[in-house]
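Q: File work.txt below, compact mmCIF, C-alpha atoms and all ligand atoms:
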```txt
# COMPACT_ATOMS: atom_id res chain seq x y z
CA MET A 1166 -1.84 12.56 -14.57
CA THR A 1167 -2.93 11.50 -18.01
CA GLY A 1168 -2.35 8.25 -19.90
CA ASP A 1169 -1.21 5.03 -18.25
CA PRO A 1170 -0.11 5.34 -14.66
CA PRO A 1171 3.64 4.87 -14.26
CA THR A 1172 4.93 1.51 -13.14
CA LEU A 1173 7.87 0.75 -10.91
CA ARG A 1174 9.24 -2.66 -11.84
CA THR A 1175 11.26 -4.57 -9.27
CA ARG A 1176 12.24 -8.17 -8.61
CA PHE A 1177 9.12 -8.32 -6.40
CA THR A 1178 6.69 -7.28 -9.13
CA GLU A 1179 8.24 -9.83 -11.48
CA ARG A 1180 8.37 -12.72 -9.04
CA PHE A 1181 4.87 -12.14 -7.61
CA GLY A 1182 3.28 -11.19 -10.93
CA VAL A 1183 1.89 -7.87 -9.69
CA ARG A 1184 2.02 -4.41 -11.27
CA HIS A 1185 3.14 -2.42 -8.24
CA PRO A 1186 5.74 -3.15 -5.52
CA ILE A 1187 3.24 -2.57 -2.71
CA VAL A 1188 1.77 -5.09 -0.26
CA CYS A 1189 -1.16 -4.33 2.01
CA ALA A 1190 -0.18 -5.72 5.45
CA PRO A 1191 -2.19 -8.59 6.93
CA MET A 1192 -3.64 -6.47 9.73
CA ALA A 1193 -5.57 -8.47 12.31
CA LEU A 1194 -9.21 -7.33 12.52
CA VAL A 1195 -8.60 -4.79 9.71
CA THR A 1196 -7.47 -6.38 6.42
CA GLY A 1197 -10.49 -8.41 5.42
CA GLY A 1198 -11.30 -9.83 2.01
CA ARG A 1199 -12.74 -6.56 0.71
CA LEU A 1200 -9.59 -4.58 1.38
CA ALA A 1201 -7.26 -7.31 0.12
CA ARG A 1202 -9.34 -7.60 -3.05
CA ALA A 1203 -9.36 -3.84 -3.65
CA VAL A 1204 -5.59 -3.65 -3.23
CA SER A 1205 -4.99 -6.58 -5.56
CA ARG A 1206 -7.36 -5.18 -8.19
CA ALA A 1207 -5.38 -1.93 -8.02
CA GLY A 1208 -2.29 -3.87 -9.08
CA ALA A 1209 -0.65 -4.36 -5.69
CA LEU A 1210 -0.88 -7.40 -3.37
CA GLY A 1211 -3.55 -7.63 -0.68
CA VAL A 1212 -2.88 -9.93 2.26
CA ILE A 1213 -5.81 -10.86 4.47
CA GLY A 1214 -5.17 -10.64 8.20
CA GLY A 1215 -5.56 -14.09 9.72
CA GLY A 1216 -4.25 -12.50 12.92
CA TYR A 1217 -4.33 -14.76 15.93
CA ALA A 1218 -5.76 -17.70 13.94
CA GLY A 1219 -9.02 -17.46 15.90
CA THR A 1220 -7.31 -17.79 19.29
CA LEU A 1221 -7.94 -14.17 20.39
CA GLY A 1222 -11.73 -14.12 20.35
CA GLY A 1223 -13.80 -11.55 18.46
CA GLU A 1224 -11.84 -12.00 15.21
CA PRO A 1225 -13.66 -11.93 11.85
CA ASP A 1226 -14.58 -15.29 10.30
CA LEU A 1227 -11.44 -15.97 8.27
CA ASP A 1228 -13.11 -18.37 5.85
CA ALA A 1229 -15.69 -15.71 4.95
CA GLU A 1230 -12.95 -13.11 4.39
CA LEU A 1231 -10.91 -15.52 2.26
CA ALA A 1232 -13.99 -16.33 0.19
CA LEU A 1233 -14.42 -12.62 -0.64
CA ALA A 1234 -10.94 -12.46 -2.20
CA ARG A 1235 -10.64 -15.85 -3.80
CA ARG A 1236 -11.26 -14.70 -7.38
CA ASP A 1237 -8.25 -12.39 -7.21
CA GLN A 1238 -4.62 -12.89 -6.29
CA PHE A 1239 -4.40 -12.55 -2.52
CA GLY A 1240 -2.33 -13.65 0.45
CA VAL A 1241 -3.10 -14.56 4.03
CA GLY A 1242 -1.10 -13.69 7.12
CA PHE A 1243 -0.84 -15.11 10.61
CA ILE A 1244 0.82 -14.22 13.89
CA THR A 1245 3.15 -17.18 14.03
CA TRP A 1246 3.18 -17.90 17.77
CA ALA A 1247 -0.63 -17.88 17.77
CA LEU A 1248 -0.81 -20.09 14.68
CA ALA A 1249 1.30 -22.62 16.57
CA GLN A 1250 -1.67 -22.95 18.95
CA ALA A 1251 -4.14 -23.58 16.11
CA PRO A 1252 -2.07 -25.02 13.23
CA GLU A 1253 -5.17 -26.43 11.53
CA ARG A 1254 -6.04 -22.82 10.59
CA LEU A 1255 -3.13 -22.83 8.15
CA ASP A 1256 -4.47 -25.87 6.30
CA ALA A 1257 -7.93 -24.30 6.19
CA ALA A 1258 -6.49 -21.10 4.69
CA LEU A 1259 -4.31 -22.99 2.20
CA ALA A 1260 -7.46 -24.64 0.87
CA PHE A 1261 -8.37 -21.21 -0.58
CA ASN A 1262 -5.21 -21.22 -2.72
CA PRO A 1263 -3.55 -18.03 -1.50
CA ALA A 1264 -0.63 -16.78 -3.58
CA CYS A 1265 1.37 -16.32 -0.42
CA VAL A 1266 1.36 -16.87 3.33
CA PHE A 1267 2.77 -14.03 5.43
CA LEU A 1268 4.10 -15.06 8.84
CA SER A 1269 5.32 -12.71 11.56
CA PHE A 1270 6.30 -12.94 15.19
CA GLY A 1271 7.64 -16.42 15.79
CA ASP A 1272 9.59 -19.20 14.14
CA PRO A 1273 8.23 -19.77 10.60
CA ARG A 1274 10.21 -22.96 9.99
CA PRO A 1275 7.62 -25.49 11.23
CA PHE A 1276 5.01 -24.10 8.80
CA ALA A 1277 7.19 -23.74 5.70
CA PRO A 1278 6.81 -27.28 4.30
CA ALA A 1279 2.99 -27.16 4.25
CA ILE A 1280 3.03 -23.72 2.61
CA ARG A 1281 5.50 -24.86 -0.03
CA LYS A 1282 3.56 -28.06 -0.67
CA ALA A 1283 0.41 -26.02 -1.30
CA GLY A 1284 2.26 -23.97 -3.92
CA ALA A 1285 2.08 -20.71 -1.95
CA LYS A 1286 5.04 -18.38 -1.49
CA LEU A 1287 6.26 -17.75 2.05
CA ILE A 1288 6.75 -14.15 3.19
CA CYS A 1289 8.34 -13.68 6.62
CA GLN A 1290 8.21 -10.39 8.50
CA VAL A 1291 11.24 -9.89 10.74
CA GLN A 1292 12.55 -7.48 13.33
CA SER A 1293 16.20 -8.56 13.74
CA LEU A 1294 19.05 -10.24 11.89
CA ARG A 1295 18.41 -13.45 13.85
CA HIS A 1296 14.87 -13.47 12.46
CA ILE A 1297 16.28 -12.99 8.96
CA ASP A 1298 18.38 -16.13 9.37
CA GLU A 1299 15.31 -18.09 10.49
CA ALA A 1300 13.36 -16.81 7.49
CA ILE A 1301 16.14 -17.78 5.07
CA ASP A 1302 16.33 -21.22 6.69
CA ALA A 1303 12.56 -21.51 6.22
CA GLY A 1304 13.04 -20.86 2.50
CA ALA A 1305 11.16 -17.56 2.46
CA GLU A 1306 10.59 -16.06 -0.98
CA ALA A 1307 10.50 -12.57 0.56
CA ILE A 1308 11.57 -11.12 3.89
CA VAL A 1309 9.91 -8.03 5.32
CA ALA A 1310 12.25 -5.90 7.41
CA GLN A 1311 9.86 -4.20 9.82
CA GLY A 1312 11.00 -1.03 11.53
CA THR A 1313 9.81 0.08 14.94
CA GLU A 1314 7.80 2.94 13.41
CA ALA A 1315 5.25 0.35 12.34
CA GLY A 1316 1.74 0.20 13.71
CA GLY A 1317 0.83 -2.87 15.74
CA HIS A 1318 3.37 -5.31 17.09
CA GLY A 1319 7.04 -5.07 16.33
CA GLY A 1320 10.55 -4.71 17.62
CA ASP A 1321 13.14 -2.03 18.24
CA ARG A 1322 15.04 -1.54 14.98
CA SER A 1323 14.26 1.56 12.91
CA THR A 1324 13.37 1.26 9.24
CA LEU A 1325 16.08 3.61 7.97
CA ALA A 1326 19.00 1.57 9.33
CA PHE A 1327 17.41 -1.90 9.45
CA VAL A 1328 16.34 -2.14 5.78
CA PRO A 1329 19.80 -1.53 4.24
CA GLU A 1330 21.45 -3.77 6.85
CA ALA A 1331 18.90 -6.45 6.02
CA ALA A 1332 19.64 -5.94 2.30
CA ASP A 1333 23.36 -6.49 2.90
CA HIS A 1334 22.76 -9.52 5.12
CA ILE A 1335 20.34 -11.16 2.68
CA SER A 1336 22.55 -10.48 -0.32
CA ARG A 1337 25.42 -12.27 1.45
CA ARG A 1338 23.42 -15.25 2.67
CA SER A 1339 20.67 -15.70 0.08
CA PRO A 1340 20.82 -13.21 -2.79
CA ASP A 1341 17.68 -14.50 -4.52
CA THR A 1342 15.52 -13.81 -1.48
CA LEU A 1343 13.47 -10.65 -1.92
CA LEU A 1344 13.41 -7.84 0.63
CA LEU A 1345 10.40 -5.69 1.48
CA ALA A 1346 10.43 -2.72 3.84
CA ALA A 1347 7.75 -1.98 6.45
CA GLY A 1348 7.24 0.64 9.11
CA GLY A 1349 6.35 4.25 8.53
CA ILE A 1350 5.74 3.95 4.78
CA ALA A 1351 2.50 5.71 3.93
CA ASP A 1352 3.08 7.69 0.76
CA GLY A 1353 5.23 7.90 -2.35
CA ARG A 1354 8.09 9.48 -0.44
CA GLY A 1355 8.34 6.42 1.79
CA LEU A 1356 8.05 4.04 -1.17
CA ALA A 1357 10.81 5.87 -3.07
CA ALA A 1358 13.04 5.91 0.00
CA ALA A 1359 12.52 2.20 0.68
CA LEU A 1360 13.50 1.31 -2.89
CA MET A 1361 16.62 3.43 -2.51
CA LEU A 1362 17.49 1.59 0.72
CA GLY A 1363 17.60 -1.66 -1.24
CA ALA A 1364 14.08 -3.00 -0.81
CA ASP A 1365 12.23 -4.69 -3.68
CA GLY A 1366 8.93 -3.31 -2.42
CA VAL A 1367 7.04 -2.14 0.65
CA VAL A 1368 4.49 -3.44 3.12
CA VAL A 1369 1.99 -0.78 4.13
CA GLY A 1370 -0.28 -1.05 7.16
CA THR A 1371 -1.37 2.23 8.76
CA ARG A 1372 -2.17 3.93 5.43
CA PHE A 1373 -4.49 1.07 4.36
CA TRP A 1374 -5.91 0.87 7.90
CA ALA A 1375 -7.59 4.18 7.03
CA SER A 1376 -9.00 3.11 3.67
CA ALA A 1377 -12.62 2.86 2.57
CA GLU A 1378 -12.52 -0.95 2.42
CA ALA A 1379 -10.80 -1.64 5.76
CA LEU A 1380 -12.75 -3.21 8.62
CA THR A 1381 -11.56 -0.37 10.88
CA PRO A 1382 -14.41 1.26 12.84
CA GLU A 1383 -15.19 4.86 11.81
CA ALA A 1384 -14.69 6.06 15.38
CA ALA A 1385 -11.09 4.85 15.24
CA THR A 1386 -10.27 6.59 11.96
CA ASP A 1387 -12.00 9.74 13.23
CA ARG A 1388 -9.75 9.70 16.26
CA ALA A 1389 -6.64 9.00 14.20
CA GLY A 1390 -7.56 11.92 11.96
CA GLN A 1391 -6.78 14.25 14.87
CA ALA A 1392 -3.49 12.53 15.74
CA THR A 1393 0.11 13.12 14.73
CA GLY A 1394 3.06 10.75 14.80
CA ASP A 1395 3.91 12.21 18.21
CA ASN A 1396 0.82 10.55 19.65
CA THR A 1397 1.77 6.88 19.29
CA VAL A 1398 3.52 4.80 21.93
CA ARG A 1399 5.10 1.35 22.04
CA THR A 1400 4.02 -0.64 25.07
CA THR A 1401 3.89 -4.16 26.45
CA ALA A 1402 1.32 -3.19 29.11
CA ILE A 1403 -1.80 -3.65 26.96
CA ASP A 1404 -0.99 -7.26 26.04
CA ALA A 1405 -0.09 -8.10 29.63
CA LEU A 1406 -3.23 -6.55 31.09
CA ARG A 1407 -5.54 -8.14 28.52
CA GLY A 1408 -3.77 -11.48 28.95
CA THR A 1409 -2.46 -11.96 25.40
CA PRO A 1410 0.77 -13.94 25.73
CA TRP A 1411 3.07 -12.05 23.36
CA PRO A 1412 6.74 -13.09 23.45
CA ALA A 1413 8.78 -10.52 25.41
CA GLU A 1414 10.76 -9.32 22.38
CA PHE A 1415 7.67 -7.67 20.83
CA SER A 1416 5.77 -4.57 21.89
CA PHE A 1417 2.61 -2.95 20.57
CA ARG A 1418 2.49 0.47 18.86
CA VAL A 1419 -0.85 2.20 19.35
CA LEU A 1420 -2.30 5.67 19.78
CA GLU A 1421 -1.94 6.83 23.34
CA ASN A 1422 -5.18 6.81 25.33
CA ASP A 1423 -6.29 6.67 28.96
CA LEU A 1424 -5.06 3.08 29.35
CA THR A 1425 -1.57 3.68 27.91
CA GLN A 1426 -1.22 6.85 29.96
CA ALA A 1427 -2.28 5.13 33.17
CA TRP A 1428 0.29 2.36 32.63
CA ALA A 1429 3.15 4.38 31.13
CA GLY A 1430 6.40 3.37 32.84
CA ARG A 1431 4.64 0.54 34.71
CA GLU A 1432 5.26 -2.32 32.30
CA ALA A 1433 6.85 -4.63 34.89
CA GLU A 1434 3.83 -4.10 37.13
CA ALA A 1435 1.50 -4.82 34.20
CA ALA A 1436 3.39 -8.08 33.55
CA THR A 1437 2.65 -9.26 37.08
CA ALA A 1438 -1.02 -8.26 36.61
CA PHE A 1439 -1.26 -10.51 33.51
CA GLY A 1440 -4.86 -10.88 32.33
CA SER A 1441 -6.29 -8.76 35.15
CA LEU A 1442 -8.03 -6.34 32.74
CA LYS A 1443 -9.13 -8.92 30.17
CA ALA A 1444 -12.85 -8.50 30.80
CA VAL A 1445 -12.58 -4.70 30.94
CA TYR A 1446 -10.51 -4.60 27.75
CA ASP A 1447 -12.77 -7.00 25.83
CA GLU A 1448 -15.81 -4.96 26.83
CA ALA A 1449 -14.14 -1.73 25.69
CA ARG A 1450 -13.28 -3.34 22.36
CA ALA A 1451 -16.82 -4.65 21.91
CA THR A 1452 -18.42 -1.29 22.71
CA GLY A 1453 -15.83 0.83 20.89
CA ASP A 1454 -14.63 2.63 24.00
CA LEU A 1455 -11.35 4.02 22.68
CA ARG A 1456 -10.29 5.42 26.04
CA THR A 1457 -9.41 1.81 26.91
CA ALA A 1458 -9.39 -0.15 23.64
CA ALA A 1459 -6.36 0.53 21.46
CA VAL A 1460 -6.41 2.40 18.16
CA VAL A 1461 -3.64 0.45 16.42
CA VAL A 1462 -1.57 2.68 14.15
CA GLY A 1463 2.07 3.52 13.57
CA GLU A 1464 3.97 6.77 13.47
CA ALA A 1465 2.75 7.21 9.90
CA VAL A 1466 -0.65 8.16 11.35
CA GLY A 1467 0.61 11.73 11.03
CA LEU A 1468 0.76 11.21 7.25
CA VAL A 1469 -2.72 9.74 7.03
CA ARG A 1470 -5.80 11.85 6.50
CA GLY A 1471 -9.22 10.76 5.31
CA ARG A 1472 -10.37 7.30 4.32
CA PRO A 1473 -9.82 7.02 0.57
CA PRO A 1474 -10.41 3.88 -1.47
CA ALA A 1475 -7.42 1.53 -1.44
CA ALA A 1476 -6.96 1.96 -5.20
CA ALA A 1477 -6.48 5.71 -4.73
CA ILE A 1478 -3.83 5.02 -2.10
CA VAL A 1479 -1.95 2.67 -4.43
CA ASP A 1480 -2.18 5.08 -7.37
CA SER A 1481 -1.00 8.09 -5.41
CA MET A 1482 1.91 6.19 -3.82
CA ILE A 1483 3.11 5.03 -7.23
CA THR A 1484 2.59 8.39 -8.90
CA GLU A 1485 4.40 10.25 -6.15
CA ALA A 1486 7.26 7.77 -5.89
CA TRP A 1487 7.67 7.93 -9.64
CA ALA A 1488 7.72 11.73 -9.57
CA ARG A 1489 10.34 11.69 -6.83
CA LEU A 1490 12.55 9.04 -8.38
CA SER A 1491 12.49 10.01 -12.03
CA GLY A 1492 15.23 12.49 -12.69
CA ALA A 1493 16.10 12.71 -8.98
CA ALA A 1494 19.84 12.81 -9.62
CA ALA A 1495 19.51 15.61 -12.15
CA ARG A 1496 17.26 17.57 -9.82
CA LEU A 1497 19.72 17.32 -6.95
CA THR A 1498 21.89 19.78 -8.78
CA ARG A 1499 18.99 22.26 -8.53
CA PRO A 1500 17.52 21.39 -5.13
CA GLY A 1501 14.78 24.02 -5.29
CA ASN A 1502 13.13 21.89 -7.95
CA TRP A 1503 11.96 18.93 -5.85
CA PRO A 1504 8.36 18.08 -6.71
CA ALA A 1505 5.83 19.17 -4.15
CA PRO A 1506 4.05 16.35 -2.28
CA LEU A 1507 0.98 15.32 -4.22
CA HIS A 1508 -1.62 14.75 -1.54
CA HIS A 1509 -0.53 15.91 1.90
C1 LIG B 1 -3.95 -2.27 12.82
C2 LIG B 1 -2.74 -3.10 12.55
C3 LIG B 1 -2.79 -4.47 12.74
C4 LIG B 1 -1.68 -5.26 12.44
N1 LIG B 1 -1.79 -6.61 12.58
C5 LIG B 1 -0.79 -7.40 12.14
C6 LIG B 1 -0.93 -8.80 12.12
O1 LIG B 1 -1.96 -9.36 12.52
N2 LIG B 1 0.09 -9.55 11.64
C7 LIG B 1 1.23 -8.96 11.17
O2 LIG B 1 2.11 -9.65 10.71
N3 LIG B 1 1.42 -7.63 11.22
C8 LIG B 1 0.43 -6.84 11.67
N4 LIG B 1 0.60 -5.48 11.68
C9 LIG B 1 1.90 -4.91 11.26
C10 LIG B 1 2.02 -4.84 9.75
O3 LIG B 1 2.29 -6.12 9.22
C11 LIG B 1 3.14 -3.90 9.26
O4 LIG B 1 4.38 -4.33 9.72
C12 LIG B 1 2.96 -2.46 9.66
O5 LIG B 1 1.64 -2.04 9.57
C13 LIG B 1 3.84 -1.58 8.79
O6 LIG B 1 3.99 -0.31 9.33
P1 LIG B 1 2.96 0.90 9.08
O7 LIG B 1 1.81 0.61 9.96
O8 LIG B 1 3.74 2.09 9.48
O9 LIG B 1 2.60 0.88 7.62
C14 LIG B 1 -0.49 -4.67 11.98
C15 LIG B 1 -0.43 -3.28 11.81
C16 LIG B 1 -1.53 -2.50 12.09
C17 LIG B 1 -1.44 -1.01 11.85
```
How does the structure come out when it is put into structure tokens?
Ligand SMILES: Cc1cc2nc3c(=O)[nH]c(=O)nc-3n(C[C@H](O)[C@H](O)[C@H](O)COP(=O)(O)O)c2cc1C

A:
Amino acid sequence: MTGDPPTLRTRFTERFGVRHPIVCAPMALVTGGRLARAVSRAGALGVIGGGYAGTLGGEPDLDAELALARRDQFGVGFITWALAQAPERLDAALAFNPACVFLSFGDPRPFAPAIRKAGAKLICQVQSLRHIDEAIDAGAEAIVAQGTEAGGHGGDRSTLAFVPEAADHISRRSPDTLLLAAGGIADGRGLAAALMLGADGVVVGTRFWASAEALTPEAATDRAGQATGDNTVRTTAIDALRGTPWPAEFSFRVLENDLTQAWAGREAEAATAFGSLKAVYDEARATGDLRTAAVVVGEAVGLVRGRPPAAAIVDSMITEAWARLSGAAARLTRPGNWPAPLHH
């Protein structure tokens, strides 16, 4: 590609003042200040993973990560039910002047006034229409419809049907609210498809999880490099066994390993054994024993190879989406002419 890279302008790029309609997900233990900064400098929006707001143990020092990104536009994200246990972490993060606060997994409404007062935009990630209504009531600037393909925690709806239904629902209730799509989007094909489904942009996790700037351990990306999308599972057993009190409506998508295989189909039993493997799990996480500790990726792991710089990921997503979208209608009359994937 020569000359200026193409740009895809959407309501999201205009409203958030970014060049590209791509957000790097606030991945707990993964999206630190370096990754968020690299994504933002590439023209997209990097959101630092505030995760469990320090309640999990073993999380990176959030203040230090925020300090790394503070010269650039960045956001910060929290797991909402965990933030409710440490609400002072929101005020501490707001002191760094994030452009946005990204809340998922719980009722965002109690936190919205403080976020608004600080001049930050609220982004709410949702998994159902009921969540969308809560996000609209909270005054969210953007709502992320997260499909079940996503890595990490999520719900049961699939991206392909949930995103357009969310678009219809939002346009009826609150047409100015932006919609982003998440779950399984790892290249320009996914970005182009999400825009066609009615999204104003995309939230990308798994692809940035395997980027040069992510906090992800090498051993985890090495393992993921051998995996396909067939090798992930959604489970509630891990959270039960390690004693992390996730609300029942959410499960955890990870790469299968010895632990997920041992507990497959035994989720009710795991629930009654709540916290019984906490010490074992924490030890495995600390020592990098991936037979027990989870490698947290979504189905898109099968689209992810290597660990390129975040800027290269942004550029190739935009370039490929542009190639797919420009002239697509004309090309459909000559289907043999679809552009080949650029980097797979
Ligand atoms: C390693 C990892 C950690 C994640 N941690 C969080 C988190 O702390 N908070 C959150 O809102 N979403 C989290 N997510 C989910 C993302 O926000 C996003 O919905 C998801 O990554 C999108 O799907 P994809 O992984 O297929 O790109 C995480 C995802 C991954 C892969």

Q: Given a cut-off of 7 Å, what residues near ligand LIG 1 (chain B) show up using all atoms listed in the file, put as a ChimeraX atom specification?

A: /A:1190-1193,1195,1214-1217,1242-1244,1267-1270,1290,1311,1314-1318,1347-1351,1368-1372,1374,1461-1465

Q: Given the choices A:Leu1380, A:Leu1227, A:Ala1436, A:Ala1332, which gets closest to Asp1365 of chain A if the distance is worked out from only C-alpha atoms?

A: A:Ala1332

Q: How far is it from atom CA of Phe1276 of chain A to atom CA of Gly1240 of chain A, in Å with one decimal?

A: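 Interatomic distance, atom CA of Phe1276 of chain A to atom CA of Gly1240 of chain A: 15.3 Å.
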
Q: Enter the distance from atom CA of Gly1492 of chain A to atom CA of Arg1174 of chain A, in Å, rounded to one decimal.

A: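 Distance between the two atoms: 16.3 Å.
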
Q: A:Asp1298, A:Ala1285, A:Val1398, A:Ala1451: which is nearest Glu1224 of chain A, counting all atoms listed in the file?

A: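 So, comparing all the options, the nearest one is A:Ala1451.
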
Q: Select all residues near (-11.5, -11.5, 7.4) (cut-off 6 Å, inclusive, file coordinates), counting only C-alpha atoms, and output them as a list in words.

A: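 The answer, in the requested form, is Gly1197, Gly1198, Pro1225, Asp1226, Leu1227 and Glu1230 of chain A.
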
Q: Return as CSV the residues of segment 1285-1387 of chain A lying at most 7 Å from segment 1257-1266 of chain A, together with the closest atom-to-atom pair for each and the distance in Å to one decimal, counting only C-alpha atoms, with rows in chain order and ascending residue number.

A:
```
residue,atom,partner,partner_atom,distance
A:Ala1285,CA,A:Cys1265,CA,4.7
A:Lys1286,CA,A:Cys1265,CA,4.3
A:Leu1287,CA,A:Val1266,CA,5.1
A:Ile1288,CA,A:Val1266,CA,6.0
```

Q: Suppose we keep C-alpha atoms; can you now write the selection as a PDB file, in the coordinates of the input?

A:
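Output (out-v4.pdb):
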```pdb
ATOM      1  CA  ALA A1285       2.080 -20.710  -1.950  1.00  0.00           C
ATOM      2  CA  LYS A1286       5.040 -18.380  -1.490  1.00  0.00           C
ATOM      3  CA  LEU A1287       6.260 -17.750   2.050  1.00  0.00           C
ATOM      4  CA  ILE A1288       6.750 -14.150   3.190  1.00  0.00           C
TER       5      ILE A1288
END
```

Q: What's the separation between atom CA of Pro1186 of chain A and atom CA of Leu1173 of chain A, in Å to one decimal place?

A: 7.0 Å

Q: Here is a test: counting all atoms listed in the file, which residue of A:Ala1384, A:Leu1294, A:Ala1359, A:Leu1231 is nearest to Arg1456 of chain A?

A: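 Closest to Arg1456 of chain A, using all atoms listed in the file: A:Ala1384.
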
Q: At a cut-off of 9 Å, can you tabulate as a Markdown table every residue of segment 1198-1285 of chain A near segment 1403-1417 of chain A together with its closest atom pair and the distance in Å to one decimal, using only C-alpha atoms and ordering rows by chain then number?

A:
```
| residue | atom | partner | partner_atom | distance |
| --- | --- | --- | --- | --- |
| A:Leu1221 | CA | A:Thr1409 | CA | 7.7 |
| A:Trp1246 | CA | A:Trp1411 | CA | 8.1 |
| A:Ala1247 | CA | A:Trp1411 | CA | 8.9 |
| A:Phe1270 | CA | A:Phe1415 | CA | 7.8 |
| A:Gly1271 | CA | A:Pro1412 | CA | 8.4 |
```

Q: Might you pull out every residue within 10 Å of Arg1338 of chain A, with all atoms listed in the file counted and same-chain residues fewer than 5 positions away left off, and present them as a VMD selection string?

A: chain A and resid 1297 to 1298 1301 1333

Q: Can you spit out the residues from that selection as a CSV table (one decimal), keeping the file's coordinate frame, using C-alpha atoms?

A:
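Dumped to again-v6.csv:
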```csv
chain,number,residue,atom,x,y,z
A,1297,ILE,CA,16.3,-13.0,9.0
A,1298,ASP,CA,18.4,-16.1,9.4
A,1301,ILE,CA,16.1,-17.8,5.1
A,1333,ASP,CA,23.4,-6.5,2.9
```

Q: For Ala1218 of chain A, which of A:Leu1194, A:Leu1468, A:Leu1248, A:Cys1189 is the closest residue, counting all atoms listed in the file?

A: A:Leu1248

Q: Which residue, A:Arg1199, A:Thr1172, A:Ala1249, A:Ala1433, has the smallest gap to Ser1376 of chain A when you use all atoms listed in the file?

A: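 Ranked by minimum distance to Ser1376 of chain A, first place goes to A:Arg1199.
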
Q: Within 8 Å of Glu1432 of chain A, counting all atoms listed in the file, which residues qualify if same-chain residues fewer than 6 places away don't, as a VMD selection string?

A: chain A and resid 1400 to 1402

Q: From the options A:Val1367, A:Val1291, A:Ala1477, A:Leu1345, which residue's atoms come nearest to Gly1320 of chain A, counting only C-alpha atoms?

A: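 Comparing A:Val1367, A:Val1291, A:Ala1477, A:Leu1345 against Gly1320 of chain A, the winner is A:Val1291.
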
Q: Can you tell me which residues surround Gly1363 of chain A at a distance of at most 6 Å, considering only C-alpha atoms, apart from same-chain residues fewer than 2 positions away, and format the answer as a PyMOL selection string?

A: chain A and resi 1329+1332+1360-1361

Q: Would you list the contacts of Gly1182 of chain A as a CSV table (one decimal) with C-alpha atoms, in the frame of the given file, taking every protein, DNA or RNA residue within 10 Å and counting all atoms listed in the file, but skipping same-chain residues closer than 5 positions in sequence?

A:
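This is the output file result.csv:
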```csv
chain,number,residue,atom,x,y,z
A,1176,ARG,CA,12.2,-8.2,-8.6
A,1177,PHE,CA,9.1,-8.3,-6.4
A,1208,GLY,CA,-2.3,-3.9,-9.1
A,1209,ALA,CA,-0.6,-4.4,-5.7
A,1210,LEU,CA,-0.9,-7.4,-3.4
A,1238,GLN,CA,-4.6,-12.9,-6.3
```

Q: Which polymer residues have any atom within 8 Å of an atom of Thr1386 of chain A, counting all atoms listed in the file, with same-chain residues fewer than 5 positions away left out, as a list in words?

A: Ala1375, Thr1381, Gly1471 and Arg1472 of chain A

Q: Can I get a file of segment 1172-1207 of chain A from the given structure, C-alpha atoms kept, as an mmCIF file, in the first residue's frame?

A:
```
data_model
loop_
_atom_site.group_PDB
_atom_site.id
_atom_site.type_symbol
_atom_site.label_atom_id
_atom_site.label_comp_id
_atom_site.auth_asym_id
_atom_site.auth_seq_id
_atom_site.Cartn_x
_atom_site.Cartn_y
_atom_site.Cartn_z
ATOM 1 C CA THR A 1172 -9.613 5.790 6.636
ATOM 2 C CA LEU A 1173 -13.039 4.502 7.530
ATOM 3 C CA ARG A 1174 -15.054 7.363 9.004
ATOM 4 C CA THR A 1175 -17.982 6.552 11.254
ATOM 5 C CA ARG A 1176 -20.001 8.296 13.942
ATOM 6 C CA PHE A 1177 -17.554 6.717 16.414
ATOM 7 C CA THR A 1178 -14.429 8.202 14.840
ATOM 8 C CA GLU A 1179 -16.100 11.616 14.774
ATOM 9 C CA ARG A 1180 -17.488 11.542 18.294
ATOM 10 C CA PHE A 1181 -14.328 10.110 19.900
ATOM 11 C CA GLY A 1182 -11.900 12.105 17.759
ATOM 12 C CA VAL A 1183 -9.955 9.063 16.540
ATOM 13 C CA ARG A 1184 -8.828 8.106 13.039
ATOM 14 C CA HIS A 1185 -9.971 4.485 13.022
ATOM 15 C CA PRO A 1186 -13.164 2.804 14.311
ATOM 16 C CA ILE A 1187 -11.228 0.286 16.405
ATOM 17 C CA VAL A 1188 -11.014 0.001 20.191
ATOM 18 C CA CYS A 1189 -8.514 -2.208 21.986
ATOM 19 C CA ALA A 1190 -10.503 -4.009 24.716
ATOM 20 C CA PRO A 1191 -9.673 -3.324 28.372
ATOM 21 C CA MET A 1192 -8.316 -6.811 28.986
ATOM 22 C CA ALA A 1193 -7.552 -7.526 32.632
ATOM 23 C CA LEU A 1194 -3.858 -8.369 33.151
ATOM 24 C CA VAL A 1195 -3.190 -7.800 29.417
ATOM 25 C CA THR A 1196 -4.009 -4.257 28.228
ATOM 26 C CA GLY A 1197 -1.503 -2.169 30.120
ATOM 27 C CA GLY A 1198 -0.430 1.378 29.389
ATOM 28 C CA ARG A 1199 2.064 0.339 26.710
ATOM 29 C CA LEU A 1200 -0.509 -1.470 24.612
ATOM 30 C CA ALA A 1201 -3.176 1.212 25.063
ATOM 31 C CA ARG A 1202 -0.652 3.879 24.078
ATOM 32 C CA ALA A 1203 0.494 1.965 20.989
ATOM 33 C CA VAL A 1204 -3.095 1.479 19.842
ATOM 34 C CA SER A 1205 -3.968 5.131 20.383
ATOM 35 C CA ARG A 1206 -0.831 6.307 18.582
ATOM 36 C CA ALA A 1207 -1.857 4.106 15.654
#
```
